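Source file: data.csv (CSV, C-alpha atoms and all ligand atoms)
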chain,number,residue,atom,x,y,z
S,98,MET,CA,70.3,85.4,113.3
S,99,LYS,CA,72.4,85.6,116.4
S,100,ASN,CA,73.5,81.9,116.2
S,101,LYS,CA,74.2,82.2,112.5
S,102,PHE,CA,76.1,85.4,113.1
S,103,PHE,CA,78.5,83.5,115.4
S,104,LYS,CA,78.6,80.4,113.3
S,105,TYR,CA,79.0,81.7,109.8
S,106,GLN,CA,80.3,85.2,109.9
S,107,ALA,CA,84.0,85.4,110.9
S,108,GLN,CA,84.5,87.4,114.0
S,109,THR,CA,87.3,89.6,115.2
S,110,THR,CA,86.6,89.5,118.9
S,111,ASN,CA,85.0,87.1,121.3
S,112,ASN,CA,82.6,89.7,122.5
S,113,PRO,CA,81.1,91.7,119.6
S,114,ILE,CA,78.4,94.2,120.5
S,115,GLY,CA,75.9,92.0,118.6
S,116,LEU,CA,73.1,94.5,118.1
S,117,GLU,CA,70.7,93.1,115.5
S,118,ILE,CA,69.9,95.9,113.1
S,119,LEU,CA,66.5,96.5,111.6
S,120,LYS,CA,66.9,100.0,110.1
S,121,ALA,CA,68.7,103.3,110.5
S,122,GLU,CA,67.7,106.8,109.9
S,123,GLY,CA,69.2,110.2,110.8
S,124,SER,CA,71.0,109.9,114.1
S,125,TYR,CA,69.2,106.7,115.1
S,126,ILE,CA,69.7,103.0,114.6
S,127,TYR,CA,66.8,100.6,115.3
S,128,ASP,CA,67.2,97.0,116.5
S,129,LYS,CA,65.1,94.0,115.5
S,130,ASN,CA,62.6,94.9,118.3
S,131,ASN,CA,62.3,98.4,116.9
S,132,LYS,CA,64.1,99.8,120.0
S,133,LYS,CA,65.9,103.0,118.9
S,134,TYR,CA,69.4,103.9,119.7
S,135,LEU,CA,71.1,107.3,119.4
S,136,ASP,CA,74.2,106.8,117.3
S,137,PHE,CA,77.3,108.6,118.6
S,138,VAL,CA,79.6,106.4,116.5
S,139,ALA,CA,78.3,106.9,112.9
S,140,GLY,CA,79.7,103.7,111.6
S,141,VAL,CA,83.1,104.7,113.1
S,142,SER,CA,83.3,108.2,111.7
S,143,ALA,CA,81.9,107.3,108.3
S,144,SER,CA,78.2,108.2,108.1
S,145,ASN,CA,78.7,112.0,108.4
S,146,LEU,CA,75.3,113.0,107.1
S,147,GLY,CA,73.5,110.5,109.4
S,148,HIS,CA,71.8,107.3,108.2
S,149,LYS,CA,69.8,107.0,105.0
S,150,ASN,CA,70.4,110.6,103.9
S,151,LYS,CA,67.9,111.4,101.2
S,152,LYS,CA,70.3,112.9,98.7
S,153,ILE,CA,72.7,110.0,98.9
S,154,LYS,CA,69.9,107.5,98.5
S,155,GLU,CA,68.6,109.3,95.4
S,156,ALA,CA,72.0,109.5,93.9
S,157,VAL,CA,72.6,105.8,94.4
S,158,ILE,CA,69.2,104.8,93.0
S,159,ASP,CA,69.6,107.1,90.1
S,160,GLN,CA,73.0,105.6,89.2
S,161,ILE,CA,71.8,102.1,89.6
S,162,GLU,CA,69.1,102.8,87.1
S,163,LYS,CA,71.8,103.7,84.6
S,164,TYR,CA,74.6,101.2,85.2
S,165,TRP,CA,76.7,99.9,88.0
S,166,HIS,CA,79.9,97.9,87.3
S,167,VAL,CA,81.2,98.1,83.8
S,168,MET,CA,85.0,98.1,83.8
S,169,VAL,CA,88.1,98.1,86.1
S,170,TYR,CA,89.5,101.3,87.5
S,171,GLY,CA,90.3,104.1,85.1
S,172,GLU,CA,89.6,102.5,81.7
S,173,PHE,CA,86.2,103.9,80.9
S,174,ILE,CA,84.9,107.4,81.5
S,175,GLN,CA,82.2,107.2,84.1
S,176,GLU,CA,80.6,110.5,85.0
S,177,PRO,CA,80.0,110.0,88.7
S,178,THR,CA,83.7,109.1,89.2
S,179,VAL,CA,85.0,112.0,87.2
S,180,LYS,CA,82.6,114.4,88.9
S,181,LEU,CA,83.7,113.2,92.3
S,182,CYS,CA,87.4,113.6,91.5
S,183,GLU,CA,86.7,117.1,90.1
S,184,LEU,CA,84.8,118.2,93.2
S,185,ILE,CA,87.5,117.0,95.4
S,186,SER,CA,90.1,118.8,93.3
S,187,GLU,CA,88.1,122.1,93.5
S,188,ASN,CA,88.3,121.9,97.3
S,189,LEU,CA,92.0,121.0,97.6
S,190,PRO,CA,95.2,123.0,96.9
S,191,ASN,CA,96.6,122.7,93.4
S,192,SER,CA,99.4,120.4,94.5
S,193,LEU,CA,96.7,117.8,95.5
S,194,SER,CA,94.6,118.2,92.4
S,195,ASN,CA,94.7,114.6,91.1
S,196,THR,CA,92.8,111.8,92.9
S,197,TYR,CA,92.9,108.0,92.9
S,198,LEU,CA,89.8,106.3,94.3
S,199,THR,CA,90.1,103.0,96.2
S,200,ASN,CA,87.7,100.6,97.9
S,201,SER,CA,88.9,101.3,101.5
S,202,GLY,CA,91.2,103.4,103.6
S,203,THR,CA,93.9,100.9,104.0
S,204,GLU,CA,94.1,100.3,100.3
S,205,ALA,CA,94.6,104.1,99.8
S,206,VAL,CA,97.4,103.9,102.3
S,207,GLU,CA,99.0,101.1,100.4
S,208,ALA,CA,98.8,103.2,97.2
S,209,ALA,CA,100.2,106.2,98.9
S,210,MET,CA,103.2,104.3,100.2
S,211,LYS,CA,103.9,102.9,96.7
S,212,LEU,CA,103.6,106.3,95.2
S,213,ALA,CA,106.1,107.7,97.7
S,214,LYS,CA,108.6,105.0,96.7
S,215,ARG,CA,108.1,106.0,93.0
S,216,VAL,CA,108.4,109.7,93.6
S,217,THR,CA,111.5,109.6,95.7
S,218,GLY,CA,113.2,106.4,94.6
S,219,ARG,CA,113.6,105.5,98.3
S,220,SER,CA,112.0,102.8,100.4
S,221,GLN,CA,112.3,103.9,104.0
S,222,PHE,CA,109.3,105.3,105.9
S,223,VAL,CA,108.9,107.2,109.1
S,224,ALA,CA,105.7,106.7,111.1
S,225,ALA,CA,104.4,107.5,114.5
S,226,LYS,CA,104.2,105.4,117.6
S,227,ASN,CA,100.5,104.5,118.3
S,228,GLY,CA,99.7,105.6,114.7
S,229,TYR,CA,97.0,103.6,112.8
S,230,HIS,CA,96.7,103.4,109.1
S,231,GLY,CA,94.8,100.3,108.3
S,232,ASN,CA,95.1,96.5,108.4
S,233,THR,CA,96.7,95.3,105.2
S,234,GLN,CA,100.3,94.5,105.5
S,235,GLY,CA,101.8,97.7,104.2
S,236,ALA,CA,99.6,99.8,106.4
S,237,MET,CA,100.2,97.5,109.3
S,238,SER,CA,104.0,98.0,108.8
S,239,VAL,CA,103.6,101.7,109.6
S,240,MET,CA,101.2,101.0,112.5
S,241,GLY,CA,103.0,102.0,115.7
S,242,PHE,CA,101.5,99.4,118.0
S,243,GLU,CA,103.7,96.3,118.3
S,244,GLU,CA,101.1,94.2,120.2
S,245,ARG,CA,98.8,94.0,117.1
S,246,LYS,CA,101.7,93.5,114.6
S,247,ARG,CA,103.9,90.9,116.1
S,248,ALA,CA,101.9,87.9,115.0
S,249,TYR,CA,102.0,89.1,111.4
S,250,ARG,CA,105.7,89.6,111.0
S,251,PRO,CA,107.7,89.8,108.8
S,252,LEU,CA,106.2,93.0,107.5
S,253,ILE,CA,107.8,95.7,105.4
S,254,PRO,CA,111.3,96.5,106.7
S,255,ASN,CA,113.0,99.9,107.3
S,256,ILE,CA,110.2,101.7,109.1
S,257,ASN,CA,111.4,104.1,111.8
S,258,PHE,CA,109.1,105.4,114.5
S,259,VAL,CA,108.8,108.8,116.1
S,260,GLU,CA,106.8,109.8,119.0
S,261,PHE,CA,103.9,112.0,117.8
S,262,ASN,CA,104.3,115.5,119.0
S,263,ASN,CA,107.9,115.0,120.1
S,264,GLU,CA,110.0,117.5,118.2
S,265,SER,CA,113.3,116.0,119.3
S,266,ASN,CA,112.7,112.9,117.2
S,267,ILE,CA,112.4,114.8,113.9
S,268,SER,CA,116.0,114.3,112.8
S,269,ILE,CA,115.1,110.6,112.2
S,270,ILE,CA,113.7,111.9,108.9
S,271,ASN,CA,116.7,111.9,106.7
S,272,ASN,CA,117.8,111.6,103.0
S,273,LYS,CA,116.9,107.9,103.0
S,274,THR,CA,113.3,108.6,104.0
S,275,ALA,CA,110.8,108.1,101.2
S,276,ALA,CA,107.9,109.5,103.3
S,277,VAL,CA,106.7,110.3,106.7
S,278,ILE,CA,103.2,109.0,107.3
S,279,LEU,CA,101.2,110.5,110.1
S,280,GLU,CA,97.6,110.8,111.0
S,281,THR,CA,96.8,114.6,111.2
S,282,ILE,CA,95.0,113.8,114.4
S,283,GLN,CA,95.9,110.4,115.9
S,284,GLY,CA,92.8,108.3,116.2
S,285,GLY,CA,93.5,104.9,117.8
S,286,ALA,CA,96.0,106.5,120.2
S,287,GLY,CA,93.2,108.6,121.8
S,288,PHE,CA,92.3,111.5,119.5
S,289,ILE,CA,95.6,113.3,120.0
S,290,ILE,CA,95.8,116.6,118.2
S,291,PRO,CA,99.2,117.9,116.9
S,292,LYS,CA,100.9,120.5,119.0
S,293,LYS,CA,101.2,124.0,117.6
S,294,ASN,CA,103.7,124.0,114.7
S,295,TYR,CA,104.5,120.2,115.1
S,296,LEU,CA,103.3,119.3,111.6
S,297,LYS,CA,105.0,122.4,110.2
S,298,LYS,CA,108.3,121.3,111.6
S,299,ILE,CA,107.8,117.8,110.2
S,300,LYS,CA,107.0,119.2,106.8
S,301,ASN,CA,110.0,121.5,106.9
S,302,GLN,CA,112.3,118.6,107.7
S,303,CYS,CA,110.7,116.5,104.9
S,304,ASP,CA,111.3,119.4,102.4
S,305,LYS,CA,114.9,119.7,103.7
S,306,VAL,CA,115.8,116.0,103.0
S,307,GLY,CA,113.6,115.4,100.0
S,308,ALA,CA,111.1,113.2,101.8
S,309,LEU,CA,107.3,113.3,101.2
S,310,LEU,CA,104.7,113.9,103.9
S,311,ILE,CA,101.7,111.6,103.7
S,312,LEU,CA,98.9,112.7,105.9
S,313,ASP,CA,96.3,110.1,106.7
S,314,GLU,CA,92.9,111.9,107.2
S,315,ILE,CA,90.8,108.8,106.9
S,316,GLN,CA,89.1,109.6,110.2
S,317,PRO,CA,89.3,113.4,110.6
S,318,GLY,CA,88.7,114.2,106.9
S,319,ILE,CA,85.5,115.4,105.2
S,320,GLY,CA,84.4,117.9,107.8
S,321,ARG,CA,84.7,116.1,111.1
S,322,THR,CA,86.9,118.7,112.6
S,323,GLY,CA,85.0,121.6,111.1
S,324,LYS,CA,87.2,122.0,108.0
S,325,LEU,CA,87.0,119.8,105.0
S,326,PHE,CA,90.4,118.4,105.9
S,327,ALA,CA,92.1,118.7,109.3
S,328,PHE,CA,95.5,119.7,107.8
S,329,GLU,CA,93.8,123.1,107.0
S,330,HIS,CA,93.9,123.9,110.7
S,331,TYR,CA,97.7,123.5,110.9
S,332,GLY,CA,99.1,125.7,108.0
S,333,ILE,CA,100.7,122.9,106.0
S,334,ILE,CA,99.9,121.0,102.8
S,335,PRO,CA,100.9,117.3,102.6
S,336,ASP,CA,102.5,115.9,99.5
S,337,ILE,CA,100.0,113.0,99.5
S,338,LEU,CA,96.6,113.2,101.3
S,339,VAL,CA,94.8,109.9,102.2
S,340,TYR,CA,91.2,109.8,103.2
S,341,GLY,CA,88.1,107.6,103.1
S,342,LYS,CA,85.4,106.8,105.7
S,343,GLY,CA,83.4,110.1,105.7
S,344,LEU,CA,83.9,110.5,102.0
S,345,GLY,CA,81.5,107.8,101.0
S,346,GLY,CA,78.5,108.9,103.2
S,347,GLY,CA,78.3,105.3,104.5
S,348,PHE,CA,79.5,103.5,101.3
S,349,PRO,CA,83.0,101.9,101.1
S,350,ILE,CA,85.6,104.1,99.7
S,351,GLY,CA,89.2,105.4,100.1
S,352,ALA,CA,91.1,108.0,98.2
S,353,LEU,CA,94.6,109.5,97.8
S,354,SER,CA,95.3,112.9,96.3
S,355,SER,CA,98.6,114.3,95.1
S,356,SER,CA,100.0,116.4,92.3
S,357,TYR,CA,99.2,115.4,88.7
S,358,GLU,CA,103.0,114.8,88.1
S,359,ASN,CA,103.3,112.5,91.1
S,360,MET,CA,100.1,110.5,90.2
S,361,SER,CA,101.3,110.1,86.6
S,362,LEU,CA,104.0,107.8,87.9
S,363,PHE,CA,101.4,105.0,88.2
S,364,LYS,CA,101.1,105.1,84.4
S,365,GLU,CA,104.6,104.0,83.4
S,366,ASN,CA,107.6,101.8,84.3
S,367,PRO,CA,105.7,99.7,85.0
S,368,VAL,CA,102.4,100.4,83.5
S,369,LEU,CA,99.4,99.7,85.8
S,370,GLY,CA,101.3,100.9,88.9
S,371,HIS,CA,98.3,100.6,91.1
S,372,ILE,CA,95.2,98.8,90.0
S,373,THR,CA,91.8,97.7,91.4
S,374,THR,CA,88.7,96.2,90.0
S,375,PHE,CA,86.1,98.1,91.9
S,376,GLY,CA,87.9,101.3,93.1
S,377,GLY,CA,86.1,104.4,91.6
S,378,HIS,CA,82.9,102.3,91.3
S,379,PRO,CA,80.2,104.5,89.8
S,380,VAL,CA,77.5,103.8,92.4
S,381,ILE,CA,79.9,104.5,95.3
S,382,SER,CA,81.2,107.6,93.5
S,383,ALA,CA,77.7,108.8,93.0
S,384,ALA,CA,77.0,108.4,96.7
S,385,ALA,CA,80.3,110.1,97.6
S,386,TYR,CA,79.6,113.0,95.3
S,387,ALA,CA,76.2,113.6,96.8
S,388,ASN,CA,77.6,113.3,100.3
S,389,LEU,CA,80.5,115.7,99.6
S,390,LYS,CA,78.4,118.2,97.8
S,391,GLU,CA,75.9,118.2,100.6
S,392,THR,CA,78.7,118.5,103.2
S,393,LEU,CA,80.1,121.5,101.3
S,394,ASP,CA,76.8,123.2,100.5
S,395,SER,CA,74.8,122.7,103.7
S,396,GLY,CA,77.0,124.8,106.0
S,397,LEU,CA,77.3,121.8,108.2
S,398,MET,CA,81.0,122.1,108.8
S,399,SER,CA,80.6,125.6,110.2
S,400,LEU,CA,78.4,124.2,113.0
S,401,VAL,CA,80.9,121.5,114.1
S,402,SER,CA,82.8,123.7,116.6
S,403,LYS,CA,79.5,124.8,118.2
S,404,LYS,CA,78.5,121.2,118.6
S,405,GLU,CA,81.9,120.4,120.0
S,406,LYS,CA,81.4,123.1,122.7
S,407,LEU,CA,78.1,121.6,123.6
S,408,PHE,CA,79.7,118.2,124.2
S,409,ARG,CA,82.4,119.8,126.3
S,410,LYS,CA,79.9,121.8,128.3
S,411,TYR,CA,77.8,118.7,129.2
S,412,LEU,CA,80.5,116.1,129.6
S,413,LYS,CA,81.8,117.0,133.0
S,414,HIS,CA,82.0,114.2,135.5
S,415,GLU,CA,84.3,113.0,138.3
S,416,LEU,CA,85.0,109.8,136.2
S,417,ILE,CA,86.0,111.8,133.1
S,418,GLN,CA,89.6,112.8,133.1
S,419,GLU,CA,89.5,114.7,129.9
S,420,VAL,CA,87.5,115.2,126.7
S,421,ARG,CA,90.1,115.0,123.9
S,422,GLY,CA,90.0,115.6,120.2
S,423,LYS,CA,88.7,118.2,117.8
S,424,GLY,CA,85.3,119.0,116.4
S,425,LEU,CA,83.1,115.9,116.3
S,426,MET,CA,86.1,113.6,116.7
S,427,LEU,CA,86.0,113.5,120.5
S,428,ALA,CA,87.2,110.9,123.0
S,429,LEU,CA,86.2,110.7,126.6
S,430,ILE,CA,89.3,109.8,128.5
S,431,LEU,CA,88.1,108.1,131.6
S,432,LYS,CA,89.9,107.9,135.0
S,433,GLU,CA,90.3,104.2,134.8
S,434,LYS,CA,90.3,101.7,132.0
S,435,LYS,CA,87.8,99.3,133.7
S,436,ILE,CA,85.1,102.0,133.3
S,437,THR,CA,85.4,102.0,129.5
S,438,SER,CA,83.4,98.8,128.7
S,439,LYS,CA,80.9,99.5,131.5
S,440,LEU,CA,80.1,102.8,130.0
S,441,VAL,CA,79.8,101.4,126.5
S,442,THR,CA,77.6,98.5,127.5
S,443,LYS,CA,75.3,100.4,130.0
S,444,SER,CA,74.9,103.2,127.5
S,445,LEU,CA,73.7,100.8,124.9
S,446,GLU,CA,71.1,99.4,127.3
S,447,LYS,CA,69.9,103.0,127.7
S,448,GLY,CA,69.7,103.5,124.0
S,449,LEU,CA,73.0,105.2,123.2
S,450,ILE,CA,75.7,103.8,120.9
S,451,LEU,CA,79.3,104.5,121.9
S,452,PHE,CA,82.5,102.6,121.0
S,453,TYR,CA,86.1,102.1,121.8
S,454,LEU,CA,89.4,103.4,120.4
S,455,LEU,CA,91.9,100.9,119.1
S,456,PHE,CA,94.9,101.4,121.4
S,457,GLU,CA,93.9,103.8,124.2
S,458,THR,CA,92.0,101.6,126.6
S,459,LYS,CA,90.8,104.5,128.8
S,460,ALA,CA,89.0,106.1,125.8
S,461,VAL,CA,85.4,106.0,124.6
S,462,ARG,CA,84.8,107.5,121.2
S,463,ILE,CA,82.2,110.1,120.4
S,464,THR,CA,82.0,110.6,116.7
S,465,PRO,CA,78.4,111.2,115.9
S,466,PRO,CA,77.1,112.1,112.5
S,467,LEU,CA,77.9,115.8,111.7
S,468,THR,CA,74.2,116.3,111.4
S,469,VAL,CA,73.6,115.4,115.1
S,470,SER,CA,71.2,118.0,116.6
S,471,ASP,CA,71.8,120.1,119.7
S,472,GLN,CA,68.9,118.3,121.4
S,473,GLU,CA,70.4,114.9,120.5
S,474,ILE,CA,73.7,115.9,121.9
S,475,LYS,CA,71.9,116.9,125.2
S,476,ILE,CA,70.0,113.5,125.3
S,477,GLY,CA,73.2,111.5,124.6
S,478,CYS,CA,75.3,113.3,127.2
S,479,LYS,CA,72.6,112.9,129.8
S,480,ILE,CA,72.7,109.1,129.3
S,481,ILE,CA,76.5,109.2,129.6
S,482,LEU,CA,76.4,111.1,132.8
S,483,GLU,CA,73.6,108.9,134.2
S,484,VAL,CA,75.7,105.8,133.4
S,485,LEU,CA,78.8,107.3,135.0
S,486,ASP,CA,76.8,108.1,138.1
S,487,GLU,CA,75.6,104.5,138.3
S,488,ILE,CA,79.2,103.3,137.8
S,489,LYS,CA,80.3,105.6,140.6
S,490,ASN,CA,77.5,104.6,143.0
S,491,PRO,CA,76.6,101.0,142.1
S,492,VAL,CA,73.4,99.7,143.5
S,493,HIS,CA,74.0,96.2,145.0
F,501,LIG,C1,93.5,106.9,110.4
F,501,LIG,C2,93.0,105.7,109.7
F,501,LIG,N1,93.7,105.2,108.7
F,501,LIG,C3,93.4,104.1,108.1
F,501,LIG,C4,92.2,103.4,108.4
F,501,LIG,C5,91.8,102.2,107.6
F,501,LIG,O1,90.7,102.5,106.8
F,501,LIG,P1,89.8,101.2,106.3
F,501,LIG,O2,89.2,100.6,107.6
F,501,LIG,O3,88.7,101.9,105.5
F,501,LIG,O4,90.6,100.3,105.6
F,501,LIG,C6,91.4,103.9,109.4
F,501,LIG,C7,90.2,103.2,109.8
F,501,LIG,O5,89.8,103.2,111.0
F,501,LIG,C8,91.8,105.1,110.1
F,501,LIG,O6,91.1,105.6,111.1
What is this structure when it is put down as structure tokens?
Amino acid sequence: MKNKFFKYQAQTTNNPIGLEILKAEGSYIYDKNNKKYLDFVAGVSASNLGHKNKKIKEAVIDQIEKYWHVMVYGEFIQEPTVKLCELISENLPNSLSNTYLTNSGTEAVEAAMKLAKRVTGRSQFVAAKNGYHGNTQGAMSVMGFEERKRAYRPLIPNINFVEFNNESNISIINNKTAAVILETIQGGAGFIIPKKNYLKKIKNQCDKVGALLILDEIQPGIGRTGKLFAFEHYGIIPDILVYGKGLGGGFPIGALSSSYENMSLFKENPVLGHITTFGGHPVISAAAYANLKETLDSGLMSLVSKKEKLFRKYLKHELIQEVRGKGLMLALILKEKKITSKLVTKSLEKGLILFYLLFETKAVRITPPLTVSDQEIKIGCKIILEVLDEIKNPVH
């Protein structure tokens, strides 16, 4: 498999982790030799209920028994899709009661940007330096990291960038701005949480000049910070909310929610304002519904902050500069960037899966399933500390 993996499957780095997967269950992934690894990445903040959750599995099998693909987005009434949109709506403010389901996060960002153009009749966007919103060309245009964009220019023009958390930049948002797009918690930048009232000030400025606020919660959304959506911590409601990852319980999905009036703009002038063949797929929707229902009913979100505290209690080491983030969206910020890959590689050897962040080279992500147990947190942190000790005192 390894040779074929490199020969036939297109790669995005020269050094992929290359773990050959046999199976996965709960907080563990097993390689082809049946060696087990504690998973502190959860498919990059996606498998919130752990691997092979029974309820999600049953929902998928049950739906497959009935039908899978029958029509493009929105034409036929398919119960799992409608039920998912309804459940989402019941858990969001009224102004976000209408939902469009996509295949991925980046596609939801594209749709959100298009919607903002339709609502405001404007085309300029304001985004944040070091912000990440996906890899299609619209989403990449609002990515605040030139090194990864340069090779793909020209991208969408008229994007202005602000420094996240810097209030003195806010006046860039003006009466030409269609929307400000921000991650509620910056992910790739190093799990940077917004300063007190920062998002409120952004929202006020948007309201003042008639711009929309798009919050991208593709990573922090669906319980990862202890609330269903991270914006609930900050006393504001976005005009458009974008999410994905954790919504699908490990199946591919993205979504945007806004008001019924806003979303109605996709229906006319022109008709079919945003279309997709597979968005809102009934099997994926059934999985997402089971996942969301379990996340809401299980009380899991109320335990997130206790689990965060455990991580923070254990993860004290000379080589750790800071543990950043919120809930179970945590990043170890290491003293030096050369430690990062050593920590990830050596932890893997000892049976712990960790991973990097996109732009912050000193960071190692800790985004386990929300179902991770206290005991598993202890075991994983012990491995991290052992590896950091070995890095500090190498045996020659
Ligand atoms: C904040 C944020 N926005 C957008 C995306 C893109 O989502 P997807 O990879 O599903 O297209 C991601 C994925 O990492 C993300 O973290």
Would you be able to write out as a VMD selection string which residues have an atom within 7 Å of (83.8, 112.7, 108.6) in the file's coordinates, counting all atoms listed in the file? chain S and resid 142 to 143 145 316 to 321 342 to 344
Under the rule of at most 7 Å, produce a per-residue listing of chain S near ligand LIG 501 (chain F): chain, number, name, the closest pair of atoms, and the distance in Å, as a tab-separated table, using all atoms listed in the file.
residue	atom	partner	partner_atom	distance
S:Ser201	CA	F:LIG501	O3	4.0
S:Gly202	CA	F:LIG501	O1	3.4
S:Thr203	CA	F:LIG501	O4	3.7
S:Glu204	CA	F:LIG501	O4	6.4
S:Tyr229	CA	F:LIG501	C1	5.4
S:His230	CA	F:LIG501	C3	3.5
S:Gly231	CA	F:LIG501	C5	3.6
S:Asn232	CA	F:LIG501	O4	6.5
S:Glu280	CA	F:LIG501	C1	5.7
S:Gln283	CA	F:LIG501	C1	6.9
S:Gly284	CA	F:LIG501	C1	6.0
S:Asp313	CA	F:LIG501	C1	5.6
S:Glu314	CA	F:LIG501	C1	6.0
S:Ile315	CA	F:LIG501	C2	4.7
S:Gln316	CA	F:LIG501	O6	4.6
S:Gly341	CA	F:LIG501	O3	6.2
S:Lys342	CA	F:LIG501	O3	5.9
S:Ile350	CA	F:LIG501	O3	6.9
S:Gly351	CA	F:LIG501	O3	6.5
For Asn227 (chain S), work out the shell of residues within 6 Å, counting only C-alpha atoms and skipping chain neighbours fewer than 3 positions away, then give it as a list in words.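 Everything that qualifies: Gly241, Phe242 and Ala286 of chain S.
Closest approach to Gln221 (chain S) among S:Pro291, S:Pro379, S:Gly140, S:Ala308 is made by S:Ala308 (distances from all atoms listed in the file).
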Quick one: residues within 9 Å of region 114-123 of chain S, all atoms listed in the file, excluding same-chain residues fewer than 3 positions away - as a PyMOL selection string? chain S and resi 98-99+102+126-131+133+136+146-150+442+466+468-469
Need to verify the contact set: Gly347 (chain S), 7 Å, only C-alpha atoms, exclusion of same-chain residues closer than 2 positions in sequence. Can you return it as a list in words?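 Answer for this query is Ala143, Ser144, Gly345 and Pro349 of chain S.
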Go ahead and write the selection's residues with C-alpha atoms as a compact mmCIF listing (two decimals), in the coordinates of the input.
# COMPACT_ATOMS: atom_id res chain seq x y z
CA ALA S 143 81.90 107.30 108.30
CA SER S 144 78.20 108.20 108.10
CA GLY S 345 81.50 107.80 101.00
CA PRO S 349 83.00 101.90 101.10
Atom-to-atom span, CA of Lys211 (chain S) and CA of Ile269 (chain S), Å: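 Taking CA of Lys211 (chain S) as the start and CA of Ile269 (chain S) as the end point, the length is 20.6 Å.
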Figure out the distance between CA of Leu485 (chain S) and CA of Leu416 (chain S), please, to one decimal in Å. 6.8 Å
Identify which of the residues S:Lys479, S:Lys432, S:His371, S:Lys423 lies closest to Ala208 (chain S), counting all atoms listed in the file when measuring atom-to-atom distances. S:His371
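Considering the residues S:Lys292, S:Ala428, S:Leu184, S:Lys101 and counting only C-alpha atoms, Leu389 (chain S) has its shortest atom-to-atom contact with S:Leu184.
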At a cut-off of 10 Å, using all atoms listed in the file, what residues contact region 438-441 of chain S? Leave out same-chain residues fewer than 5 positions from it and give the result as number ranges by chain. S: 114, 431, 446, 449-453, 458-462, 480-485, 487-488
What separation in Å, quoted to one decimal, exists between CA of Ser399 (chain S) and CA of Lys324 (chain S)? 7.8 Å
Could you check which of S:Lys443, S:Asp471, S:Gly332, S:Phe258 is closest to Ser124 (chain S), using all atoms listed in the file? S:Asp471
Residues within 12 Å of Ser268 (chain S), please, as a PDB file with C-alpha atoms, in the coordinates of the input. Count all atoms listed in the file; anything in the same chain fewer than 3 positions from it doesn't count.
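The resulting part-v6.pdb:
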ATOM      1  CA  VAL S 223     108.900 107.200 109.100  1.00  0.00           C
ATOM      2  CA  ASN S 257     111.400 104.100 111.800  1.00  0.00           C
ATOM      3  CA  PHE S 258     109.100 105.400 114.500  1.00  0.00           C
ATOM      4  CA  VAL S 259     108.800 108.800 116.100  1.00  0.00           C
ATOM      5  CA  GLU S 260     106.800 109.800 119.000  1.00  0.00           C
ATOM      6  CA  ASN S 263     107.900 115.000 120.100  1.00  0.00           C
ATOM      7  CA  GLU S 264     110.000 117.500 118.200  1.00  0.00           C
ATOM      8  CA  SER S 265     113.300 116.000 119.300  1.00  0.00           C
ATOM      9  CA  ASN S 271     116.700 111.900 106.700  1.00  0.00           C
ATOM     10  CA  ASN S 272     117.800 111.600 103.000  1.00  0.00           C
ATOM     11  CA  LYS S 273     116.900 107.900 103.000  1.00  0.00           C
ATOM     12  CA  THR S 274     113.300 108.600 104.000  1.00  0.00           C
ATOM     13  CA  VAL S 277     106.700 110.300 106.700  1.00  0.00           C
ATOM     14  CA  LYS S 298     108.300 121.300 111.600  1.00  0.00           C
ATOM     15  CA  ILE S 299     107.800 117.800 110.200  1.00  0.00           C
ATOM     16  CA  LYS S 300     107.000 119.200 106.800  1.00  0.00           C
ATOM     17  CA  ASN S 301     110.000 121.500 106.900  1.00  0.00           C
ATOM     18  CA  GLN S 302     112.300 118.600 107.700  1.00  0.00           C
ATOM     19  CA  CYS S 303     110.700 116.500 104.900  1.00  0.00           C
ATOM     20  CA  LYS S 305     114.900 119.700 103.700  1.00  0.00           C
ATOM     21  CA  VAL S 306     115.800 116.000 103.000  1.00  0.00           C
TER      22      VAL S 306
END
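Shortest separation to Tyr164 (chain S) among S:Ile381, S:Asn366, S:Cys182, S:Lys246 occurs at residue S:Ile381, atoms counted being only C-alpha atoms.
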Compare S:Lys151, S:His378, S:Lys406, S:His414 by their minimum atom-to-atom distance to Trp165 (chain S), counting all atoms listed in the file, and give me the closest one. S:His378
Mind working out the centre and edge lengths of an axis-aligned box for region 335-350 of chain S, all listed atoms inside, 5 Å added to each side, rounded to one decimal in Å and written as lines of an AutoDock Vina configuration file?
center_x = 90.4
center_y = 109.6
center_z = 102.6
size_x = 34.2
size_y = 25.4
size_z = 16.2
